[in-house]
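Below is data-v3.cif, which holds mmCIF, C-alpha atoms and all ligand atoms; chains and numbers go by the auth columns.
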```cif
data_upload
loop_
_atom_site.group_PDB
_atom_site.id
_atom_site.type_symbol
_atom_site.label_atom_id
_atom_site.label_comp_id
_atom_site.label_asym_id
_atom_site.label_seq_id
_atom_site.Cartn_x
_atom_site.Cartn_y
_atom_site.Cartn_z
_atom_site.B_iso_or_equiv
_atom_site.auth_seq_id
_atom_site.auth_asym_id
ATOM 1 C CA MET A 1 43.776 71.052 16.038 0.00 1 O
ATOM 2 C CA GLU A 2 41.219 69.281 13.852 0.00 2 O
ATOM 3 C CA PHE A 3 38.981 66.698 15.475 0.00 3 O
ATOM 4 C CA SER A 4 37.076 63.920 13.771 0.00 4 O
ATOM 5 C CA SER A 5 34.705 63.813 16.712 0.00 5 O
ATOM 6 C CA LYS A 6 32.808 66.714 18.256 0.00 6 O
ATOM 7 C CA LEU A 7 32.567 64.778 21.513 0.00 7 O
ATOM 8 C CA ILE A 8 36.331 64.406 21.749 0.00 8 O
ATOM 9 C CA GLU A 9 36.763 68.039 20.762 0.00 9 O
ATOM 10 C CA LYS A 10 34.494 69.222 23.549 0.00 10 O
ATOM 11 C CA ALA A 11 36.212 67.055 26.171 0.00 11 O
ATOM 12 C CA VAL A 12 39.641 68.247 25.024 0.00 12 O
ATOM 13 C CA ASN A 13 38.550 71.880 25.096 0.00 13 O
ATOM 14 C CA GLU A 14 37.266 71.549 28.665 0.00 14 O
ATOM 15 C CA MET A 15 40.335 69.667 29.846 0.00 15 O
ATOM 16 C CA SER A 16 42.696 72.199 28.287 0.00 16 O
ATOM 17 C CA GLN A 17 41.158 74.971 30.409 0.00 17 O
ATOM 18 C CA LEU A 18 43.174 73.584 33.323 0.00 18 O
ATOM 19 C CA PRO A 19 46.503 75.257 34.114 0.00 19 O
ATOM 20 C CA GLY A 20 49.490 73.561 32.519 0.00 20 O
ATOM 21 C CA ILE A 21 47.327 71.415 30.241 0.00 21 O
ATOM 22 C CA GLY A 22 47.706 72.230 26.560 0.00 22 O
ATOM 23 C CA LYS A 23 45.549 70.798 23.783 0.00 23 O
ATOM 24 C CA ARG A 24 47.975 67.948 23.114 0.00 24 O
ATOM 25 C CA THR A 25 48.106 66.846 26.746 0.00 25 O
ATOM 26 C CA ALA A 26 44.344 67.202 26.980 0.00 26 O
ATOM 27 C CA LEU A 27 43.918 64.923 23.974 0.00 27 O
ATOM 28 C CA ARG A 28 46.289 62.367 25.483 0.00 28 O
ATOM 29 C CA LEU A 29 44.285 62.386 28.742 0.00 29 O
ATOM 30 C CA VAL A 30 40.967 62.102 26.951 0.00 30 O
ATOM 31 C CA LEU A 31 42.171 59.177 24.832 0.00 31 O
ATOM 32 C CA HIS A 32 43.538 57.558 27.984 0.00 32 O
ATOM 33 C CA LEU A 33 40.123 57.799 29.627 0.00 33 O
ATOM 34 C CA LEU A 34 38.553 56.255 26.531 0.00 34 O
ATOM 35 C CA LYS A 35 40.768 53.200 26.917 0.00 35 O
ATOM 36 C CA GLN A 36 39.830 52.802 30.584 0.00 36 O
ATOM 37 C CA PRO A 37 36.579 51.229 31.813 0.00 37 O
ATOM 38 C CA LYS A 38 33.662 53.677 31.765 0.00 38 O
ATOM 39 C CA GLU A 39 33.491 53.701 35.581 0.00 39 O
ATOM 40 C CA GLN A 40 36.890 55.312 35.746 0.00 40 O
ATOM 41 C CA THR A 41 35.531 58.446 34.061 0.00 41 O
ATOM 42 C CA ALA A 42 32.450 58.315 36.278 0.00 42 O
ATOM 43 C CA PHE A 43 34.597 58.176 39.437 0.00 43 O
ATOM 44 C CA LEU A 44 36.694 61.090 38.234 0.00 44 O
ATOM 45 C CA SER A 45 33.696 63.219 37.280 0.00 45 O
ATOM 46 C CA GLN A 46 31.897 62.407 40.516 0.00 46 O
ATOM 47 C CA ALA A 47 34.947 63.185 42.674 0.00 47 O
ATOM 48 C CA LEU A 48 35.314 66.561 40.983 0.00 48 O
ATOM 49 C CA LEU A 49 31.611 67.362 41.267 0.00 49 O
ATOM 50 C CA ASN A 50 31.468 66.353 44.943 0.00 50 O
ATOM 51 C CA MET A 51 34.600 68.335 45.708 0.00 51 O
ATOM 52 C CA ARG A 52 33.163 71.423 44.054 0.00 52 O
ATOM 53 C CA GLU A 53 29.738 71.008 45.614 0.00 53 O
ATOM 54 C CA ASP A 54 30.570 70.024 49.173 0.00 54 O
ATOM 55 C CA ILE A 55 33.796 71.850 49.929 0.00 55 O
ATOM 56 C CA LYS A 56 33.628 74.391 52.733 0.00 56 O
ATOM 57 C CA PHE A 57 35.882 77.034 54.131 0.00 57 O
ATOM 58 C CA CYS A 58 36.637 76.852 57.839 0.00 58 O
ATOM 59 C CA GLU A 59 34.674 79.610 59.545 0.00 59 O
ATOM 60 C CA SER A 60 37.599 80.358 61.792 0.00 60 O
ATOM 61 C CA CYS A 61 40.784 80.097 59.707 0.00 61 O
ATOM 62 C CA HIS A 62 39.300 80.100 56.153 0.00 62 O
ATOM 63 C CA ASN A 63 41.205 76.986 55.203 0.00 63 O
ATOM 64 C CA ILE A 64 39.511 74.600 52.787 0.00 64 O
ATOM 65 C CA SER A 65 37.682 72.087 54.920 0.00 65 O
ATOM 66 C CA ASP A 66 35.097 69.306 54.794 0.00 66 O
ATOM 67 C CA THR A 67 33.458 70.690 57.910 0.00 67 O
ATOM 68 C CA GLN A 68 32.419 74.136 59.154 0.00 68 O
ATOM 69 C CA ILE A 69 35.361 74.234 61.521 0.00 69 O
ATOM 70 C CA CYS A 70 38.428 72.509 60.140 0.00 70 O
ATOM 71 C CA GLU A 71 40.205 69.663 61.927 0.00 71 O
ATOM 72 C CA ILE A 72 43.123 71.867 62.905 0.00 72 O
ATOM 73 C CA CYS A 73 40.964 74.580 64.493 0.00 73 O
ATOM 74 C CA ALA A 74 38.807 71.932 66.187 0.00 74 O
ATOM 75 C CA ASN A 75 41.828 70.239 67.741 0.00 75 O
ATOM 76 C CA VAL A 76 41.943 71.216 71.432 0.00 76 O
ATOM 77 C CA LEU A 77 45.485 69.912 71.732 0.00 77 O
ATOM 78 C CA ARG A 78 46.775 72.664 69.450 0.00 78 O
ATOM 79 C CA THR A 79 47.895 76.047 70.750 0.00 79 O
ATOM 80 C CA HIS A 80 45.131 78.422 69.754 0.00 80 O
ATOM 81 C CA GLU A 81 47.126 81.406 71.016 0.00 81 O
ATOM 82 C CA THR A 82 49.627 81.067 68.176 0.00 82 O
ATOM 83 C CA ILE A 83 48.452 81.870 64.659 0.00 83 O
ATOM 84 C CA CYS A 84 50.484 81.228 61.537 0.00 84 O
ATOM 85 C CA VAL A 85 49.422 83.442 58.631 0.00 85 O
ATOM 86 C CA VAL A 86 49.623 81.772 55.225 0.00 86 O
ATOM 87 C CA GLU A 87 48.447 82.377 51.700 0.00 87 O
ATOM 88 C CA ASP A 88 46.557 79.182 50.915 0.00 88 O
ATOM 89 C CA ILE A 89 45.940 75.522 51.710 0.00 89 O
ATOM 90 C CA ARG A 90 49.174 74.460 50.034 0.00 90 O
ATOM 91 C CA ASP A 91 51.138 76.359 52.671 0.00 91 O
ATOM 92 C CA VAL A 92 49.093 74.775 55.455 0.00 92 O
ATOM 93 C CA MET A 93 49.864 71.347 54.003 0.00 93 O
ATOM 94 C CA ALA A 94 53.574 72.135 53.651 0.00 94 O
ATOM 95 C CA ILE A 95 53.861 73.372 57.240 0.00 95 O
ATOM 96 C CA GLU A 96 51.758 70.501 58.603 0.00 96 O
ATOM 97 C CA ASN A 97 54.097 68.061 56.879 0.00 97 O
ATOM 98 C CA THR A 98 57.021 69.397 58.914 0.00 98 O
ATOM 99 C CA GLY A 99 55.266 68.371 62.141 0.00 99 O
ATOM 100 C CA GLN A 100 56.926 71.360 63.813 0.00 100 O
ATOM 101 C CA PHE A 101 53.999 73.702 64.274 0.00 101 O
ATOM 102 C CA LYS A 102 51.427 73.146 67.003 0.00 102 O
ATOM 103 C CA GLY A 103 49.455 76.368 66.673 0.00 103 O
ATOM 104 C CA ILE A 104 46.620 77.177 64.303 0.00 104 O
ATOM 105 C CA TYR A 105 46.527 78.907 60.928 0.00 105 O
ATOM 106 C CA HIS A 106 44.892 81.850 59.268 0.00 106 O
ATOM 107 C CA VAL A 107 44.519 81.522 55.511 0.00 107 O
ATOM 108 C CA LEU A 108 44.480 84.865 53.702 0.00 108 O
ATOM 109 C CA GLY A 109 43.449 83.471 50.337 0.00 109 O
ATOM 110 C CA GLY A 110 46.149 85.370 48.468 0.00 110 O
ATOM 111 C CA LYS A 111 48.489 88.322 48.779 0.00 111 O
ATOM 112 C CA ILE A 112 47.995 92.022 48.224 0.00 112 O
ATOM 113 C CA SER A 113 48.914 92.647 44.601 0.00 113 O
ATOM 114 C CA PRO A 114 48.033 95.944 42.937 0.00 114 O
ATOM 115 C CA ILE A 115 49.212 94.563 39.587 0.00 115 O
ATOM 116 C CA GLU A 116 46.772 91.668 39.769 0.00 116 O
ATOM 117 C CA GLY A 117 44.093 93.901 41.241 0.00 117 O
ATOM 118 C CA VAL A 118 44.048 92.169 44.632 0.00 118 O
ATOM 119 C CA GLY A 119 43.396 94.599 47.460 0.00 119 O
ATOM 120 C CA PRO A 120 43.281 93.959 51.216 0.00 120 O
ATOM 121 C CA ASN A 121 39.483 93.775 51.186 0.00 121 O
ATOM 122 C CA GLN A 122 39.537 90.734 48.931 0.00 122 O
ATOM 123 C CA LEU A 123 41.626 88.836 51.454 0.00 123 O
ATOM 124 C CA ASN A 124 40.788 87.415 54.878 0.00 124 O
ATOM 125 C CA ILE A 125 42.616 90.178 56.706 0.00 125 O
ATOM 126 C CA SER A 126 39.925 91.855 58.814 0.00 126 O
ATOM 127 C CA SER A 127 39.010 88.573 60.528 0.00 127 O
ATOM 128 C CA LEU A 128 42.683 88.104 61.401 0.00 128 O
ATOM 129 C CA VAL A 129 42.915 91.575 62.915 0.00 129 O
ATOM 130 C CA GLU A 130 39.727 90.874 64.865 0.00 130 O
ATOM 131 C CA LYS A 131 41.238 87.670 66.230 0.00 131 O
ATOM 132 C CA ALA A 132 44.394 89.542 67.170 0.00 132 O
ATOM 133 C CA LYS A 133 42.328 92.092 69.071 0.00 133 O
ATOM 134 C CA SER A 134 40.318 89.428 70.903 0.00 134 O
ATOM 135 C CA GLY A 135 42.986 89.147 73.580 0.00 135 O
ATOM 136 C CA LYS A 136 43.217 85.387 73.083 0.00 136 O
ATOM 137 C CA VAL A 137 46.199 85.493 70.764 0.00 137 O
ATOM 138 C CA THR A 138 49.795 85.832 71.964 0.00 138 O
ATOM 139 C CA GLU A 139 51.747 85.377 68.746 0.00 139 O
ATOM 140 C CA ILE A 140 51.208 85.907 65.048 0.00 140 O
ATOM 141 C CA ILE A 141 53.697 84.340 62.670 0.00 141 O
ATOM 142 C CA PHE A 142 53.917 85.519 59.075 0.00 142 O
ATOM 143 C CA ALA A 143 54.663 82.676 56.686 0.00 143 O
ATOM 144 C CA LEU A 144 54.038 84.301 53.324 0.00 144 O
ATOM 145 C CA SER A 145 56.571 83.954 50.542 0.00 145 O
ATOM 146 C CA SER A 146 59.249 86.630 50.565 0.00 146 O
ATOM 147 C CA THR A 147 58.127 88.335 47.390 0.00 147 O
ATOM 148 C CA MET A 148 57.200 91.987 47.156 0.00 148 O
ATOM 149 C CA GLU A 149 53.513 91.027 47.454 0.00 149 O
ATOM 150 C CA GLY A 150 54.263 88.893 50.510 0.00 150 O
ATOM 151 C CA ASP A 151 56.188 91.718 52.176 0.00 151 O
ATOM 152 C CA THR A 152 53.489 94.267 51.350 0.00 152 O
ATOM 153 C CA THR A 153 50.834 92.002 52.852 0.00 153 O
ATOM 154 C CA ASN A 154 52.869 91.327 56.005 0.00 154 O
ATOM 155 C CA PHE A 155 53.433 95.015 56.515 0.00 155 O
ATOM 156 C CA TYR A 156 49.804 95.923 55.887 0.00 156 O
ATOM 157 C CA ILE A 157 48.704 93.473 58.592 0.00 157 O
ATOM 158 C CA TYR A 158 51.530 94.431 60.915 0.00 158 O
ATOM 159 C CA LYS A 159 50.508 98.096 60.914 0.00 159 O
ATOM 160 C CA GLN A 160 47.091 97.101 62.267 0.00 160 O
ATOM 161 C CA ILE A 161 48.337 94.892 65.068 0.00 161 O
ATOM 162 C CA ALA A 162 51.649 96.520 66.005 0.00 162 O
ATOM 163 C CA GLU A 163 50.154 98.329 68.990 0.00 163 O
ATOM 164 C CA LEU A 164 48.686 95.156 70.494 0.00 164 O
ATOM 165 C CA GLU A 165 50.355 93.059 73.170 0.00 165 O
ATOM 166 C CA ILE A 166 51.213 90.363 70.659 0.00 166 O
ATOM 167 C CA THR A 167 54.500 88.929 69.468 0.00 167 O
ATOM 168 C CA VAL A 168 54.698 89.332 65.709 0.00 168 O
ATOM 169 C CA SER A 169 57.266 87.124 64.056 0.00 169 O
ATOM 170 C CA THR A 170 58.150 85.845 60.628 0.00 170 O
ATOM 171 C CA ILE A 171 59.530 82.466 59.640 0.00 171 O
ATOM 172 C CA ALA A 172 63.289 82.494 59.156 0.00 172 O
ATOM 173 C CA ARG A 173 63.952 83.000 55.479 0.00 173 O
ATOM 174 C CA GLY A 174 66.284 80.136 54.775 0.00 174 O
ATOM 175 C CA ILE A 175 63.876 79.138 52.084 0.00 175 O
ATOM 176 C CA SER A 176 65.331 79.809 48.700 0.00 176 O
ATOM 177 C CA VAL A 177 63.717 77.637 46.035 0.00 177 O
ATOM 178 C CA GLY A 178 61.364 80.081 44.375 0.00 178 O
ATOM 179 C CA ASP A 179 60.480 81.240 47.870 0.00 179 O
ATOM 180 C CA GLU A 180 57.373 79.115 47.737 0.00 180 O
ATOM 181 C CA LEU A 181 56.634 77.252 50.930 0.00 181 O
ATOM 182 C CA GLU A 182 55.078 74.314 49.153 0.00 182 O
ATOM 183 C CA TYR A 183 58.377 73.578 47.426 0.00 183 O
ATOM 184 C CA ALA A 184 60.616 74.054 50.445 0.00 184 O
ATOM 185 C CA ASP A 185 61.954 70.825 51.886 0.00 185 O
ATOM 186 C CA GLU A 186 60.412 69.804 55.177 0.00 186 O
ATOM 187 C CA VAL A 187 63.572 70.036 57.261 0.00 187 O
ATOM 188 C CA THR A 188 64.342 73.580 56.099 0.00 188 O
ATOM 189 C CA LEU A 189 60.768 74.690 56.494 0.00 189 O
ATOM 190 C CA GLY A 190 60.452 73.060 59.908 0.00 190 O
ATOM 191 C CA ARG A 191 63.651 74.748 61.047 0.00 191 O
ATOM 192 C CA SER A 192 62.519 78.125 59.753 0.00 192 O
ATOM 193 C CA ILE A 193 59.332 77.870 61.809 0.00 193 O
ATOM 194 C CA LEU A 194 61.197 76.936 64.981 0.00 194 O
ATOM 195 C CA HIS A 195 63.767 79.701 64.432 0.00 195 O
ATOM 196 C CA ARG A 196 61.336 82.431 63.589 0.00 196 O
ATOM 197 C CA VAL A 197 62.478 86.004 64.070 0.00 197 O
ATOM 198 C CA PRO A 198 60.724 89.109 65.408 0.00 198 O
ATOM 199 C CA PHE A 199 59.032 90.791 62.460 0.00 199 O
ATOM 200 C CA GLU A 200 60.316 94.255 63.468 0.00 200 O
ATOM 201 C CA LYS A 201 63.875 93.099 62.860 0.00 201 O
ATOM 202 C CA THR A 202 63.160 92.334 59.238 0.00 202 O
ATOM 203 C CA PHE A 203 62.509 95.934 58.246 0.00 203 O
ATOM 204 C CA LYS A 204 63.907 98.244 60.949 0.00 204 O
ATOM 205 C CA ASN A 205 67.486 97.864 59.723 0.00 205 O
ATOM 206 C CA ASN A 206 66.583 98.654 56.142 0.00 206 O
HETATM 207 ZN ZN ZN B . 40.241 76.214 60.645 0.00 301 B
#
```
Could you write out this structure as structure tokens?
Amino acid sequence: MEFSSKLIEKAVNEMSQLPGIGKRTALRLVLHLLKQPKEQTAFLSQALLNMREDIKFCESCHNISDTQICEICANVLRTHETICVVEDIRDVMAIENTGQFKGIYHVLGGKISPIEGVGPNQLNISSLVEKAKSGKVTEIIFALSSTMEGDTTNFYIYKQIAELEITVSTIARGISVGDELEYADEVTLGRSILHRVPFEKTFKNN
């Protein structure tokens, strides 16, 4: 793509670094911003800068948060004995939208994936195991997508907590669309949380 302006070229190049944004789309977005009042670009830039600068991770569940302890963990009305294990904030949002889960979360930050070079140590697994061993937790619910990576991760965690006096369950796998929680409809997802199944049952018959 040839540009008549270096300034436009630079903006397009930066914009096209984002996932799903090709050069053409980037150019369309940049030209759109040019047509808008200058403040619009300032608001956008500032929002992105603030987000990047001020965002925190909850010290307890590792979810993205504006505060040191996220609103969910800080909520005394939630059941802190029940922990739902998810991959990232999108899963937390999807499950929260169902309104069916009153426990707290633990955000792993990914799944074990040898192909992508993600090992257990790069994920928030040890803090989960610590929590499980604290004696304050009665149930751990796995809500990772049912991919090979998801199953591997579940099993890796399960092996470390299987001996504890804790119920380990997994959300019912009625979810089909790409197996991604964020795309599951709220009713299905809500139902699958309420009708969770003992984790042992999901592999002992195999
Ligand atoms: Zn939290």
* Residues picked by the PyMOL selection byres (((chain O and resi 23-29) around 9) and not hetatm) here, as a count of residues only? -> 18
* Kindly compile the residues surrounding ligand ZN 301 (chain B) within 9 Å, counting only C-alpha atoms and all ligand atoms, and format them as a list in words. =>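 The residues within 9 Å of ligand ZN 301 (chain B), counting only C-alpha atoms and all ligand atoms, are Phe57, Cys58, Glu59, Ser60, Cys61, His62, Asn63, Ile64, Ser65, Gln68, Ile69, Cys70, Glu71, Ile72, Cys73, Ala74, Ile104, Tyr105, His106 and Val107 of chain O.
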Around all the atoms of segment 10-16 of chain O listed in the file, draw an axis-aligned box and extend it by 8 Å on each of the six sides; I want its centre and edge lengths in Å to one decimal, as JSON.
```
{"center_x": 38.6, "center_y": 69.6, "center_z": 26.7, "size_x": 24.2, "size_y": 21.1, "size_z": 22.3}
```
* To do: Please evaluate the PyMOL selection byres (((chain O and resi 170) around 10) and not hetatm) against the structure above and give the resulting residues as a PyMOL selection string.
  => chain O and resi 84-85+140-144+154+168-169+171-173+192-193+195-202
* **Point-to-point distance in Å for atom CA of Val86 of chain O and atom CA of Thr138 of chain O** => 17.2 Å
* Which of these residues is nearest to Gly190 of chain O, using only C-alpha atoms: O:Glu96, O:Glu39, O:Glu165, O:Asp88? -> O:Glu96
* Asked: Of the residues O:Leu7, O:Val76, O:Ile112, O:Ala132, which is the one nearest to Ile161 of chain O, using only C-alpha atoms?
  ->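 Under the stated criterion, the closest residue is O:Ala132.
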* May I ask which of the residues O:Glu149, O:Thr82, O:Thr98, O:Asn50 is the closest one to Glu116 of chain O, counting all atoms listed in the file? =>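 For Glu116 of chain O, the nearest of the candidates is O:Glu149.
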* To do: Would you kindly identify which residues have an atom no farther than 9 Å from (43.3, 92.7, 61.9), using all atoms listed in the file and the file's own coordinates, and write them out as an NGL selection string?
  => :O and (125-133 or 157-158 or 160-161)
Keeping C-alpha atoms for every residue in the selection just given, could you write it to a file as a PDB file, in the frame of the given file?
```
ATOM      1  CA  ILE O 125      42.616  90.178  56.706  1.00  0.00           C
ATOM      2  CA  SER O 126      39.925  91.855  58.814  1.00  0.00           C
ATOM      3  CA  SER O 127      39.010  88.573  60.528  1.00  0.00           C
ATOM      4  CA  LEU O 128      42.683  88.104  61.401  1.00  0.00           C
ATOM      5  CA  VAL O 129      42.915  91.575  62.915  1.00  0.00           C
ATOM      6  CA  GLU O 130      39.727  90.874  64.865  1.00  0.00           C
ATOM      7  CA  LYS O 131      41.238  87.670  66.230  1.00  0.00           C
ATOM      8  CA  ALA O 132      44.394  89.542  67.170  1.00  0.00           C
ATOM      9  CA  LYS O 133      42.328  92.092  69.071  1.00  0.00           C
ATOM     10  CA  ILE O 157      48.704  93.473  58.592  1.00  0.00           C
ATOM     11  CA  TYR O 158      51.530  94.431  60.915  1.00  0.00           C
ATOM     12  CA  GLN O 160      47.091  97.101  62.267  1.00  0.00           C
ATOM     13  CA  ILE O 161      48.337  94.892  65.068  1.00  0.00           C
TER      14      ILE O 161
END
```
* Asked: Looking at O:Glu163, O:Asp151, O:Glu186, O:Asp54, which one is nearest to Ser113 of chain O, with distances taken over all atoms listed in the file?
  ->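 Counting all atoms listed in the file, the residue closest to Ser113 of chain O is O:Asp151.
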* To do: Provide the atom CA of Glu139 of chain O to atom CA of Asn124 of chain O distance in Å, to one decimal place.
  =>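 Spanning atom CA of Glu139 of chain O to atom CA of Asn124 of chain O is a straight-line distance of 17.8 Å.
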* To do: Calculate how many Å separate atom CA of Thr188 of chain O from atom CA of Ser145 of chain O, rounding to one decimal.
  => 14.1 Å
Any chance you could model N, CA and C atoms for segment 102-125 of chain O and send them as a PDB file, in the coordinates of the input?
```pdb
ATOM      1  N   LYS O 102      52.543  73.666  66.198  1.00  0.00           N
ATOM      2  CA  LYS O 102      51.427  73.146  67.003  1.00  0.00           C
ATOM      3  C   LYS O 102      50.319  74.185  67.199  1.00  0.00           C
ATOM      4  N   GLY O 103      50.471  75.336  66.557  1.00  0.00           N
ATOM      5  CA  GLY O 103      49.455  76.368  66.673  1.00  0.00           C
ATOM      6  C   GLY O 103      48.357  76.167  65.644  1.00  0.00           C
ATOM      7  N   ILE O 104      47.651  77.240  65.337  1.00  0.00           N
ATOM      8  CA  ILE O 104      46.620  77.177  64.303  1.00  0.00           C
ATOM      9  C   ILE O 104      46.992  78.138  63.164  1.00  0.00           C
ATOM     10  N   TYR O 105      46.204  78.110  62.118  1.00  0.00           N
ATOM     11  CA  TYR O 105      46.527  78.907  60.928  1.00  0.00           C
ATOM     12  C   TYR O 105      45.488  79.996  60.694  1.00  0.00           C
ATOM     13  N   HIS O 106      45.870  80.921  59.827  1.00  0.00           N
ATOM     14  CA  HIS O 106      44.892  81.850  59.268  1.00  0.00           C
ATOM     15  C   HIS O 106      45.222  81.975  57.786  1.00  0.00           C
ATOM     16  N   VAL O 107      44.278  81.573  56.958  1.00  0.00           N
ATOM     17  CA  VAL O 107      44.519  81.522  55.511  1.00  0.00           C
ATOM     18  C   VAL O 107      43.984  82.801  54.862  1.00  0.00           C
ATOM     19  N   LEU O 108      44.877  83.571  54.278  1.00  0.00           N
ATOM     20  CA  LEU O 108      44.480  84.865  53.702  1.00  0.00           C
ATOM     21  C   LEU O 108      43.741  84.708  52.375  1.00  0.00           C
ATOM     22  N   GLY O 109      44.073  83.665  51.649  1.00  0.00           N
ATOM     23  CA  GLY O 109      43.449  83.471  50.337  1.00  0.00           C
ATOM     24  C   GLY O 109      44.159  84.221  49.226  1.00  0.00           C
ATOM     25  N   GLY O 110      45.372  84.674  49.487  1.00  0.00           N
ATOM     26  CA  GLY O 110      46.149  85.370  48.468  1.00  0.00           C
ATOM     27  C   GLY O 110      47.048  86.402  49.123  1.00  0.00           C
ATOM     28  N   LYS O 111      47.626  87.248  48.280  1.00  0.00           N
ATOM     29  CA  LYS O 111      48.489  88.322  48.779  1.00  0.00           C
ATOM     30  C   LYS O 111      48.045  89.623  48.131  1.00  0.00           C
ATOM     31  N   ILE O 112      48.325  90.723  48.809  1.00  0.00           N
ATOM     32  CA  ILE O 112      47.995  92.022  48.224  1.00  0.00           C
ATOM     33  C   ILE O 112      48.835  92.210  46.968  1.00  0.00           C
ATOM     34  N   SER O 113      48.191  92.473  45.856  1.00  0.00           N
ATOM     35  CA  SER O 113      48.914  92.647  44.601  1.00  0.00           C
ATOM     36  C   SER O 113      48.206  93.671  43.723  1.00  0.00           C
ATOM     37  N   PRO O 114      48.672  94.914  43.761  1.00  0.00           N
ATOM     38  CA  PRO O 114      48.033  95.944  42.937  1.00  0.00           C
ATOM     39  C   PRO O 114      48.040  95.586  41.447  1.00  0.00           C
ATOM     40  N   ILE O 115      49.095  94.917  41.004  1.00  0.00           N
ATOM     41  CA  ILE O 115      49.212  94.563  39.587  1.00  0.00           C
ATOM     42  C   ILE O 115      48.104  93.593  39.181  1.00  0.00           C
ATOM     43  N   GLU O 116      47.828  92.637  40.077  1.00  0.00           N
ATOM     44  CA  GLU O 116      46.772  91.668  39.769  1.00  0.00           C
ATOM     45  C   GLU O 116      45.412  92.123  40.283  1.00  0.00           C
ATOM     46  N   GLY O 117      45.364  93.350  40.785  1.00  0.00           N
ATOM     47  CA  GLY O 117      44.093  93.901  41.241  1.00  0.00           C
ATOM     48  C   GLY O 117      43.570  93.280  42.523  1.00  0.00           C
ATOM     49  N   VAL O 118      44.476  92.757  43.359  1.00  0.00           N
ATOM     50  CA  VAL O 118      44.048  92.169  44.632  1.00  0.00           C
ATOM     51  C   VAL O 118      44.326  93.157  45.761  1.00  0.00           C
ATOM     52  N   GLY O 119      43.266  93.666  46.344  1.00  0.00           N
ATOM     53  CA  GLY O 119      43.396  94.599  47.460  1.00  0.00           C
ATOM     54  C   GLY O 119      43.143  93.900  48.777  1.00  0.00           C
ATOM     55  N   PRO O 120      43.455  94.563  49.887  1.00  0.00           N
ATOM     56  CA  PRO O 120      43.281  93.959  51.216  1.00  0.00           C
ATOM     57  C   PRO O 120      41.863  93.468  51.480  1.00  0.00           C
ATOM     58  N   ASN O 121      40.871  94.153  50.904  1.00  0.00           N
ATOM     59  CA  ASN O 121      39.483  93.775  51.186  1.00  0.00           C
ATOM     60  C   ASN O 121      39.079  92.453  50.551  1.00  0.00           C
ATOM     61  N   GLN O 122      39.854  92.018  49.554  1.00  0.00           N
ATOM     62  CA  GLN O 122      39.537  90.734  48.931  1.00  0.00           C
ATOM     63  C   GLN O 122      40.165  89.560  49.691  1.00  0.00           C
ATOM     64  N   LEU O 123      40.950  89.887  50.688  1.00  0.00           N
ATOM     65  CA  LEU O 123      41.626  88.836  51.454  1.00  0.00           C
ATOM     66  C   LEU O 123      41.040  88.742  52.861  1.00  0.00           C
ATOM     67  N   ASN O 124      41.312  87.619  53.523  1.00  0.00           N
ATOM     68  CA  ASN O 124      40.788  87.415  54.878  1.00  0.00           C
ATOM     69  C   ASN O 124      41.667  88.117  55.910  1.00  0.00           C
ATOM     70  N   ILE O 125      41.742  89.428  55.801  1.00  0.00           N
ATOM     71  CA  ILE O 125      42.616  90.178  56.706  1.00  0.00           C
ATOM     72  C   ILE O 125      41.848  90.707  57.908  1.00  0.00           C
TER      73      ILE O 125
END
```
